[in-house]
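Undergrad: Below you'll find upload-v9.cif; it's mmCIF, C-alpha atoms, pLDDT in the B column; chains and numbers go by the auth columns.
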```
data_data
#
loop_
_atom_site.group_PDB
_atom_site.id
_atom_site.type_symbol
_atom_site.label_atom_id
_atom_site.label_comp_id
_atom_site.label_asym_id
_atom_site.label_seq_id
_atom_site.Cartn_x
_atom_site.Cartn_y
_atom_site.Cartn_z
_atom_site.B_iso_or_equiv
_atom_site.auth_seq_id
_atom_site.auth_asym_id
ATOM 1 C CA MET A 1 0.000 0.000 0.000 64.00 6 S
ATOM 2 C CA ASN A 2 1.237 3.486 -0.896 91.00 7 S
ATOM 3 C CA LEU A 3 1.436 5.493 2.346 92.00 8 S
ATOM 4 C CA ARG A 4 1.154 8.896 0.658 95.00 9 S
ATOM 5 C CA ARG A 5 -1.965 7.812 -1.188 96.00 10 S
ATOM 6 C CA PHE A 6 -3.450 6.431 2.030 95.00 11 S
ATOM 7 C CA VAL A 7 -2.855 9.738 3.844 96.00 12 S
ATOM 8 C CA ARG A 8 -4.379 11.785 0.965 96.00 13 S
ATOM 9 C CA HIS A 9 -7.510 9.645 1.084 97.00 14 S
ATOM 10 C CA LEU A 10 -7.647 9.672 4.879 95.00 15 S
ATOM 11 C CA PHE A 11 -7.605 13.471 5.022 96.00 16 S
ATOM 12 C CA ALA A 12 -9.856 14.134 2.025 96.00 17 S
ATOM 13 C CA THR A 13 -13.211 15.433 3.228 97.00 18 S
ATOM 14 C CA HIS A 14 -16.679 15.725 1.793 96.00 19 S
ATOM 15 C CA TRP A 15 -16.547 19.352 2.891 97.00 20 S
ATOM 16 C CA GLY A 16 -13.570 19.876 0.564 96.00 21 S
ATOM 17 C CA THR A 17 -15.467 18.212 -2.268 97.00 22 S
ATOM 18 C CA ARG A 18 -18.502 20.426 -1.706 97.00 23 S
ATOM 19 C CA ARG A 19 -16.249 23.491 -1.609 97.00 24 S
ATOM 20 C CA ARG A 20 -14.931 22.579 -5.070 97.00 25 S
ATOM 21 C CA PHE A 21 -18.214 21.287 -6.463 98.00 26 S
ATOM 22 C CA THR A 22 -20.623 23.905 -5.161 98.00 27 S
ATOM 23 C CA PRO A 23 -24.349 23.821 -5.962 98.00 28 S
ATOM 24 C CA LYS A 24 -23.625 26.346 -8.742 98.00 29 S
ATOM 25 C CA VAL A 25 -20.926 24.107 -10.263 98.00 30 S
ATOM 26 C CA LEU A 26 -23.168 21.020 -9.993 98.00 31 S
ATOM 27 C CA ALA A 27 -26.053 22.902 -11.630 98.00 32 S
ATOM 28 C CA GLY A 28 -23.711 23.967 -14.445 98.00 33 S
ATOM 29 C CA ILE A 29 -22.614 20.370 -15.008 98.00 34 S
ATOM 30 C CA GLU A 30 -26.229 19.175 -15.044 98.00 35 S
ATOM 31 C CA ALA A 31 -27.214 21.928 -17.501 98.00 36 S
ATOM 32 C CA ALA A 32 -24.269 21.054 -19.757 98.00 37 S
ATOM 33 C CA ILE A 33 -25.252 17.378 -19.767 97.00 38 S
ATOM 34 C CA SER A 34 -28.880 18.256 -20.535 95.00 39 S
ATOM 35 C CA GLN A 35 -27.793 20.556 -23.370 95.00 40 S
ATOM 36 C CA VAL A 36 -25.353 18.196 -25.080 95.00 41 S
ATOM 37 C CA GLU A 37 -27.724 15.234 -24.774 94.00 42 S
ATOM 38 C CA LEU A 38 -30.210 17.122 -26.977 91.00 43 S
ATOM 39 C CA GLN A 39 -27.733 16.730 -29.827 91.00 44 S
ATOM 40 C CA HIS A 40 -27.223 12.953 -29.766 92.00 45 S
ATOM 41 C CA SER A 41 -28.708 9.708 -28.491 90.00 46 S
ATOM 42 C CA GLY A 42 -25.887 9.048 -26.008 93.00 47 S
ATOM 43 C CA GLU A 43 -26.038 9.327 -22.228 95.00 48 S
ATOM 44 C CA ILE A 44 -23.504 10.988 -19.927 98.00 49 S
ATOM 45 C CA ARG A 45 -23.097 10.553 -16.170 98.00 50 S
ATOM 46 C CA PHE A 46 -20.738 12.665 -14.065 98.00 51 S
ATOM 47 C CA VAL A 47 -19.521 11.289 -10.723 98.00 52 S
ATOM 48 C CA VAL A 48 -17.217 12.877 -8.155 98.00 53 S
ATOM 49 C CA GLU A 49 -15.831 10.684 -5.372 98.00 54 S
ATOM 50 C CA THR A 50 -13.967 12.292 -2.510 98.00 55 S
ATOM 51 C CA ALA A 51 -11.841 9.319 -1.429 98.00 56 S
ATOM 52 C CA LEU A 52 -11.732 5.554 -1.281 97.00 57 S
ATOM 53 C CA HIS A 53 -12.400 3.438 1.773 96.00 58 S
ATOM 54 C CA PRO A 54 -9.225 2.288 3.606 95.00 59 S
ATOM 55 C CA LEU A 55 -9.960 -1.335 2.695 94.00 60 S
ATOM 56 C CA GLU A 56 -10.066 -0.391 -1.004 96.00 61 S
ATOM 57 C CA LEU A 57 -6.733 1.352 -0.566 95.00 62 S
ATOM 58 C CA TRP A 58 -5.307 -1.689 1.200 93.00 63 S
ATOM 59 C CA HIS A 59 -6.222 -3.734 -1.867 95.00 64 S
ATOM 60 C CA ASP A 60 -4.697 -0.997 -4.062 95.00 65 S
ATOM 61 C CA LEU A 61 -7.909 -0.294 -5.965 97.00 66 S
ATOM 62 C CA SER A 62 -7.004 1.949 -8.887 97.00 67 S
ATOM 63 C CA PRO A 63 -9.119 4.951 -9.932 98.00 68 S
ATOM 64 C CA ARG A 64 -9.904 3.113 -13.194 98.00 69 S
ATOM 65 C CA ALA A 65 -11.088 0.000 -11.339 98.00 70 S
ATOM 66 C CA ARG A 66 -13.252 2.134 -9.054 98.00 71 S
ATOM 67 C CA ALA A 67 -14.679 3.912 -12.102 98.00 72 S
ATOM 68 C CA LEU A 68 -15.586 0.488 -13.544 98.00 73 S
ATOM 69 C CA GLN A 69 -17.407 -0.402 -10.321 98.00 74 S
ATOM 70 C CA THR A 70 -19.265 2.897 -10.423 98.00 75 S
ATOM 71 C CA PHE A 71 -20.117 2.407 -14.116 98.00 76 S
ATOM 72 C CA ALA A 72 -21.783 -0.901 -13.238 97.00 77 S
ATOM 73 C CA GLN A 73 -23.449 0.316 -10.024 97.00 78 S
ATOM 74 C CA LEU A 74 -25.099 3.227 -11.833 97.00 79 S
ATOM 75 C CA GLY A 75 -26.222 1.024 -14.743 95.00 80 S
ATOM 76 C CA ILE A 76 -24.505 3.187 -17.336 95.00 81 S
ATOM 77 C CA TRP A 77 -24.154 0.099 -19.523 91.00 82 S
ATOM 78 C CA ASP A 78 -27.952 -0.197 -19.607 87.00 83 S
ATOM 79 C CA THR A 79 -28.765 2.125 -22.527 88.00 84 S
ATOM 80 C CA GLU A 80 -30.572 1.148 -25.702 86.00 85 S
ATOM 81 C CA HIS A 81 -27.606 1.814 -27.999 89.00 86 S
ATOM 82 C CA ASN A 82 -24.874 0.940 -25.490 93.00 87 S
ATOM 83 C CA ASN A 83 -23.601 4.512 -25.709 94.00 88 S
ATOM 84 C CA GLY A 84 -23.434 5.585 -22.081 96.00 89 S
ATOM 85 C CA VAL A 85 -20.327 7.425 -20.881 98.00 90 S
ATOM 86 C CA LEU A 86 -19.104 7.942 -17.329 98.00 91 S
ATOM 87 C CA ILE A 87 -16.901 10.877 -16.375 98.00 92 S
ATOM 88 C CA TYR A 88 -15.461 9.831 -13.008 98.00 93 S
ATOM 89 C CA VAL A 89 -13.423 12.132 -10.759 98.00 94 S
ATOM 90 C CA LEU A 90 -11.499 10.761 -7.762 98.00 95 S
ATOM 91 C CA LEU A 91 -10.460 13.893 -5.907 97.00 96 S
ATOM 92 C CA ALA A 92 -8.052 12.333 -3.410 97.00 97 S
ATOM 93 C CA ASP A 93 -6.014 10.879 -6.286 96.00 98 S
ATOM 94 C CA ARG A 94 -6.512 13.949 -8.481 95.00 99 S
ATOM 95 C CA ARG A 95 -7.599 11.640 -11.311 97.00 100 S
ATOM 96 C CA VAL A 96 -10.266 11.781 -13.977 98.00 101 S
ATOM 97 C CA GLU A 97 -11.348 8.627 -15.771 98.00 102 S
ATOM 98 C CA ILE A 98 -13.746 8.325 -18.682 98.00 103 S
ATOM 99 C CA LEU A 99 -15.415 4.993 -19.335 98.00 104 S
ATOM 100 C CA ALA A 100 -17.564 4.354 -22.362 97.00 105 S
ATOM 101 C CA ASP A 101 -19.994 1.540 -23.042 97.00 106 S
ATOM 102 C CA ARG A 102 -19.182 -0.804 -25.910 96.00 107 S
ATOM 103 C CA GLY A 103 -21.346 1.018 -28.491 94.00 108 S
ATOM 104 C CA ILE A 104 -19.252 4.184 -28.309 95.00 109 S
ATOM 105 C CA ALA A 105 -15.986 2.642 -27.071 95.00 110 S
ATOM 106 C CA SER A 106 -15.656 0.690 -30.321 94.00 111 S
ATOM 107 C CA ARG A 107 -15.806 3.952 -32.291 96.00 112 S
ATOM 108 C CA VAL A 108 -13.589 6.252 -30.206 96.00 113 S
ATOM 109 C CA GLN A 109 -9.913 5.653 -29.527 95.00 114 S
ATOM 110 C CA GLN A 110 -8.792 5.530 -25.910 95.00 115 S
ATOM 111 C CA SER A 111 -6.332 8.336 -26.655 96.00 116 S
ATOM 112 C CA GLN A 112 -9.284 10.683 -27.291 97.00 117 S
ATOM 113 C CA TRP A 113 -10.812 9.889 -23.899 98.00 118 S
ATOM 114 C CA ASP A 114 -7.380 10.292 -22.283 97.00 119 S
ATOM 115 C CA GLU A 115 -6.922 13.745 -23.818 98.00 120 S
ATOM 116 C CA ILE A 116 -10.256 14.876 -22.350 98.00 121 S
ATOM 117 C CA CYS A 117 -9.098 13.581 -18.948 98.00 122 S
ATOM 118 C CA ARG A 118 -5.793 15.467 -19.205 97.00 123 S
ATOM 119 C CA GLU A 119 -7.544 18.693 -20.180 98.00 124 S
ATOM 120 C CA THR A 120 -9.973 18.347 -17.281 98.00 125 S
ATOM 121 C CA GLN A 121 -7.112 17.713 -14.861 97.00 126 S
ATOM 122 C CA ARG A 122 -5.369 20.878 -16.137 97.00 127 S
ATOM 123 C CA HIS A 123 -8.476 22.893 -15.273 98.00 128 S
ATOM 124 C CA TYR A 124 -8.672 21.237 -11.859 98.00 129 S
ATOM 125 C CA ARG A 125 -5.021 22.020 -11.101 96.00 130 S
ATOM 126 C CA ALA A 126 -5.903 25.662 -11.819 97.00 131 S
ATOM 127 C CA ARG A 127 -8.781 25.217 -9.314 96.00 132 S
ATOM 128 C CA ASP A 128 -11.385 25.778 -12.041 97.00 133 S
ATOM 129 C CA PHE A 129 -13.666 22.837 -11.318 98.00 134 S
ATOM 130 C CA GLY A 130 -16.719 24.249 -13.056 98.00 135 S
ATOM 131 C CA ALA A 131 -15.033 25.051 -16.375 97.00 136 S
ATOM 132 C CA GLY A 132 -13.063 21.809 -16.343 98.00 137 S
ATOM 133 C CA SER A 133 -16.133 19.692 -15.704 98.00 138 S
ATOM 134 C CA ILE A 134 -18.264 21.470 -18.288 98.00 139 S
ATOM 135 C CA ALA A 135 -15.471 21.249 -20.876 98.00 140 S
ATOM 136 C CA ALA A 136 -15.270 17.492 -20.274 98.00 141 S
ATOM 137 C CA VAL A 137 -19.030 17.103 -20.736 98.00 142 S
ATOM 138 C CA GLU A 138 -18.941 19.169 -23.936 98.00 143 S
ATOM 139 C CA HIS A 139 -16.013 17.183 -25.390 98.00 144 S
ATOM 140 C CA VAL A 140 -17.702 13.878 -24.597 98.00 145 S
ATOM 141 C CA GLY A 141 -20.911 15.281 -26.102 97.00 146 S
ATOM 142 C CA ARG A 142 -19.107 16.144 -29.352 97.00 147 S
ATOM 143 C CA LEU A 143 -17.736 12.602 -29.611 97.00 148 S
ATOM 144 C CA LEU A 144 -21.172 11.126 -28.971 96.00 149 S
ATOM 145 C CA GLY A 145 -22.705 13.532 -31.491 94.00 150 S
ATOM 146 C CA ARG A 146 -20.201 12.466 -34.135 94.00 151 S
ATOM 147 C CA HIS A 147 -21.077 8.779 -33.736 93.00 152 S
ATOM 148 C CA PHE A 148 -24.708 8.916 -32.536 91.00 153 S
ATOM 149 C CA PRO A 149 -26.049 12.112 -34.129 88.00 154 S
ATOM 150 C CA GLY A 150 -29.524 13.432 -33.514 78.00 155 S
ATOM 151 C CA ARG A 151 -31.793 12.646 -30.632 69.00 156 S
ATOM 152 C CA PRO A 152 -35.158 11.400 -31.836 63.00 157 S
ATOM 153 C CA LYS A 153 -38.091 13.141 -30.142 61.00 158 S
ATOM 154 C CA SER A 154 -39.289 9.744 -28.942 58.00 159 S
ATOM 155 C CA HIS A 155 -35.885 9.010 -27.342 63.00 160 S
ATOM 156 C CA ALA A 156 -36.281 9.267 -23.580 74.00 161 S
ATOM 157 C CA ASN A 157 -33.523 10.427 -21.290 84.00 162 S
ATOM 158 C CA GLU A 158 -32.326 7.012 -20.140 89.00 163 S
ATOM 159 C CA LEU A 159 -30.032 8.134 -17.306 94.00 164 S
ATOM 160 C CA PRO A 160 -30.289 11.046 -14.857 95.00 165 S
ATOM 161 C CA ASN A 161 -28.326 14.175 -15.753 97.00 166 S
ATOM 162 C CA GLN A 162 -27.570 15.215 -12.167 97.00 167 S
ATOM 163 C CA PRO A 163 -23.952 14.825 -11.101 98.00 168 S
ATOM 164 C CA VAL A 164 -23.378 12.351 -8.282 98.00 169 S
ATOM 165 C CA LEU A 165 -21.184 13.092 -5.267 97.00 170 S
ATOM 166 C CA LEU A 166 -19.903 9.966 -3.492 95.00 171 S
#
```
Would you write out, as structure tokens, the structure that this file holds?

TA:
Amino acid sequence: MNLRRFVRHLFATHWGTRRRFTPKVLAGIEAAISQVELQHSGEIRFVVETALHPLELWHDLSPRARALQTFAQLGIWDTEHNNGVLIYVLLADRRVEILADRGIASRVQQSQWDEICRETQRHYRARDFGAGSIAAVEHVGRLLGRHFPGRPKSHANELPNQPVLL
């Protein structure tokens, strides 16, 4: 187990998360998701997790593995066209992960998702959590729009647009 990582997670607080992701920032993320989802048939979920449980750290759970768990727990894979995307932020590790269901993952290279993550992390390092989060949503929305253009009027919103704080 990495001691520095353990200490970062131990001292990360929900208060710190709420200070970064204020109601205004969360509302902006939700509005961005709602707006970009009008342009395609994909679904986007945005999740911010403050820190991992000590037992998860003991087992050296990676941010990517935790994002996979969250992807499954939230049922992001359960969309009609298998085009759900998770933007997962693990604050204690200062990491952003993007996971895409098989319908979109087969059409977008991992390097494109990674570039969105790097750009978001640059915003976060500058303490601009709102702009970084909204930029990530908009970039993911453009990729979904390129591969799943147009949202039929009959197409229901399959997943909630509200960001989740864990």

Undergrad: My list of candidates is S:Ala136, S:Val52, S:Ile92, S:Ile81. Which is closest to Thr22 of chain S when distances are computed with all atoms listed in the file?

TA: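 Residue with the minimum atom-to-atom distance to Thr22 of chain S: S:Val52.
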
Undergrad: Please tell me which residues are no farther than 10 Å from (-14.2, 8.0, -17.6) in the file, counting only C-alpha atoms, and write them as JSON, numbers by chain.

TA: {"S": [50, 51, 52, 68, 69, 72, 73, 76, 90, 91, 92, 93, 94, 100, 101, 102, 103, 104, 105, 118, 119, 121, 122, 141, 145]}

Undergrad: Out of S:Glu120, S:Asp98, S:Glu35, S:Glu42, which residue has the shortest atom-to-atom distance to Pro154 of chain S when counting all atoms listed in the file?

TA: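 The closest residue to Pro154 of chain S is S:Glu42.
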
Undergrad: May I ask which of the residues S:Arg127, S:Arg25, S:His45, S:His14 is the closest one to Gly150 of chain S, counting only C-alpha atoms?

TA: S:His45

Undergrad: Skipping near chain neighbours, those fewer than 5 positions away, what residues fall within 7 Å of Leu96 of chain S using all atoms listed in the file, listed as a list in words?

TA: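 Result of the neighbour search: Glu54, Thr55 and Ala56 of chain S.
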
Undergrad: Okay, now the selection with C-alpha atoms, as a PDB file, in the frame of the given file?

TA:
```pdb
ATOM      1  CA  GLU S  54     -15.831  10.684  -5.372  1.00 98.00           C
ATOM      2  CA  THR S  55     -13.967  12.292  -2.510  1.00 98.00           C
ATOM      3  CA  ALA S  56     -11.841   9.319  -1.429  1.00 98.00           C
TER       4      ALA S  56
END
```

Undergrad: Between atom CA of Gly146 of chain S and atom CA of Val41 of chain S, what is the distance in Å, rounded to a tenth?

TA: 5.4 Å

Undergrad: Give me the residues within 12 Å of Arg10 of chain S as a list of chain:residue names, counting only C-alpha atoms and dropping any in the same chain fewer than 6 places off.

TA: S:Phe16, S:Ala17, S:Ala56, S:Leu57, S:His58, S:Pro59, S:Glu61, S:Leu62, S:Trp63, S:Asp65, S:Leu66, S:Ser67, S:Pro68, S:Leu95, S:Leu96, S:Ala97, S:Asp98, S:Arg99

Undergrad: Next, dump the selected residues to file, keeping only C-alpha atoms, as a compact mmCIF listing (two decimals), in the frame of the given file.

TA:
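Produced file selection-v8.txt, reproduced below:
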```txt
# COMPACT_ATOMS: atom_id res chain seq x y z
CA PHE S 16 -7.60 13.47 5.02
CA ALA S 17 -9.86 14.13 2.02
CA ALA S 56 -11.84 9.32 -1.43
CA LEU S 57 -11.73 5.55 -1.28
CA HIS S 58 -12.40 3.44 1.77
CA PRO S 59 -9.22 2.29 3.61
CA GLU S 61 -10.07 -0.39 -1.00
CA LEU S 62 -6.73 1.35 -0.57
CA TRP S 63 -5.31 -1.69 1.20
CA ASP S 65 -4.70 -1.00 -4.06
CA LEU S 66 -7.91 -0.29 -5.96
CA SER S 67 -7.00 1.95 -8.89
CA PRO S 68 -9.12 4.95 -9.93
CA LEU S 95 -11.50 10.76 -7.76
CA LEU S 96 -10.46 13.89 -5.91
CA ALA S 97 -8.05 12.33 -3.41
CA ASP S 98 -6.01 10.88 -6.29
CA ARG S 99 -6.51 13.95 -8.48
```
